Structures are given as C-alpha cells and as structure tokens.
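Trainee: Sharing a structure, written as structure tokens. Questions coming.
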Amino acid sequence: MTSSQYPTNSTGLDKKTSAILSYALGWLTGLIFLFVGKNDPDVKFHAAQSVVFFGAVSVLNIVLSILGSLLGALGIIFSLAGLALSLLTLVVWILAMVQANKTGGARAELPLLGKFVAPYADQLANSVK
C-alpha cells in the first residue's frame with residue numbers, strides 16, 4: 001500500500017505517518033499525537049505507548065543519574081546501567097518506528113517490551129477522550 005491509500009485522521013496525516021511520528025521524539029511527540037490523533041484509536045495507542053515507554057525511560061534515566069552522582073565510585077555501576085538503558089531505548093525506538101511503518105499504523109505492541117507497556121498504554125489511550 002502506498003501512503004495515499006491509508007486513511008487520514010484528524011491530524012491531516014495518514015495513519016501510518018501519524019503512528020511513526022508519535023515515536024519520533026519519544027514521549028514529547030507521543031503526548032502531542034495522543035491529543036491531536038485522538039479520533040483514531042490506532043494512532044492514539046501508538047502515542048500512548050510512546051508516552052508510557054519513553055516517559056518511564058526518562059524517569060529511570062534521571063534516577064540512575066542522580067544515584068550515580070551521589071554514590072561516588074559505586075556510581076559507575078549506575079552509569080553503566082544508564083548506558084545499557086540508553087542502548088535498549090535506541091533499539092526499541094528504531095524497532096517501534098519500523099514496526100509502525102510495516103503495519104501501516106495499525107495497532108502493534110512495542111518490540112521486546114510490548115507485553116509490559118501495552119496495558120498501561122491502553123489505560124492512557126482510553127482516558128483521553
């Protein structure tokens with residue numbers, strides 16, 4: 001299917017583009033598309049999934065940074081954990097956009113971590129009317 005064959009939603013963009021863009025800048029674009037794309041349940045799910053996953057990663061990264069700076073030499077462990085989290089996040093981010101492209105914007109769980117994130121994304125997506 002070409003992008004012109006995908007139906008457009010309230011954003012003026014087709015579903016596939018909206019789903020991909022909801023991951024583009026992590027929780028920020030997820031939050032934007034959660035409200036702008038609220039008439040399309042698939043786009044809303046992708047956006048909510050982006051907010052939940054990347055929001056949690058951001059909070060965890062902040063906690064690891066604070067712990068790493070407070071614990072001196074032991075903080076190296078937290079710094080390495082932060083690096084591993086960043087690499088995992090990069091992989092999930094790329095895979096999420098590729099999957100949103102491949103499915104044409106249809107609802108799909110995040111690769112690797114979707115089973116953990118999807119229930120929270122459902123709750124968030126359903127709370128936005």
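Each chain of the structure tokens is named A, B, ... in the order shown, its residues numbered from 1; ligands are numbered from 1 in display order.
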Quick one: residues within 12 Å of Leu90 of chain A, only C-alpha atoms counted, chain neighbours fewer than 2 positions away excluded, as a VMD selection string?
Mentor: chain A and resid 23 to 26 53 to 54 57 83 to 88 92 to 97 111
Trainee: Taking 3 positions as the minimum chain separation for residues in the same chain, which residues sit within 6 Å of Asp42 of chain A when counting only C-alpha atoms? Answer as a PyMOL selection string.
Mentor: chain A and resi 45+106-107
Trainee: For the structure I just gave you, how does DSSP split segment 72-121 of chain A - specifically, which residues are alpha helix (DSSP H)? Reply as a short mmCIF file (atom, residue, chain, number, x, y, z; two decimals) with C-alpha atoms, in the first residue's frame.
Mentor:
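Saved file states17.cif follows:
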data_model
loop_
_atom_site.label_atom_id
_atom_site.label_comp_id
_atom_site.auth_asym_id
_atom_site.auth_seq_id
_atom_site.Cartn_x
_atom_site.Cartn_y
_atom_site.Cartn_z
CA GLY A 75 28.13 5.31 40.92
CA ILE A 76 29.98 3.77 37.98
CA ILE A 77 27.58 0.82 38.19
CA PHE A 78 24.62 3.17 37.85
CA SER A 79 26.32 4.98 34.98
CA LEU A 80 26.81 1.69 33.16
CA ALA A 81 23.18 0.77 33.84
CA GLY A 82 22.17 4.12 32.34
CA LEU A 83 24.27 3.40 29.26
CA ALA A 84 22.67 -0.03 28.85
CA LEU A 85 19.22 1.54 29.25
CA SER A 86 20.07 4.12 26.60
CA LEU A 87 21.16 1.43 24.15
CA LEU A 88 18.00 -0.60 24.80
CA THR A 89 15.90 2.52 24.32
CA LEU A 90 17.60 3.29 21.00
CA VAL A 91 16.90 -0.24 19.75
CA VAL A 92 13.24 -0.14 20.86
CA TRP A 93 12.81 3.34 19.34
CA ILE A 94 14.08 2.23 15.93
CA LEU A 95 12.12 -1.02 16.00
CA ALA A 96 8.92 0.81 17.04
CA MET A 97 9.11 3.18 14.07
CA VAL A 98 9.94 0.35 11.66
CA GLN A 99 7.02 -1.71 13.01
CA ALA A 100 4.62 1.25 12.76
CA ASN A 101 5.73 1.68 9.16
CA LYS A 102 5.41 -2.02 8.38
CA GLY A 114 5.28 -4.55 24.42
CA LYS A 115 3.70 -7.01 26.85
CA PHE A 116 4.78 -4.82 29.77
CA VAL A 117 3.92 -1.44 28.24
CA ALA A 118 0.69 -2.20 26.34
CA PRO A 119 -1.67 -2.46 29.36
CA TYR A 120 -0.59 0.98 30.59
CA ALA A 121 -0.81 2.39 27.08
#
Trainee: Hey, can you check how far atom CA of Val43 of chain A sits from atom CA of Ile20 of chain A?
Mentor: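 We find that atom CA of Val43 of chain A and atom CA of Ile20 of chain A lie 9.0 Å from each other.
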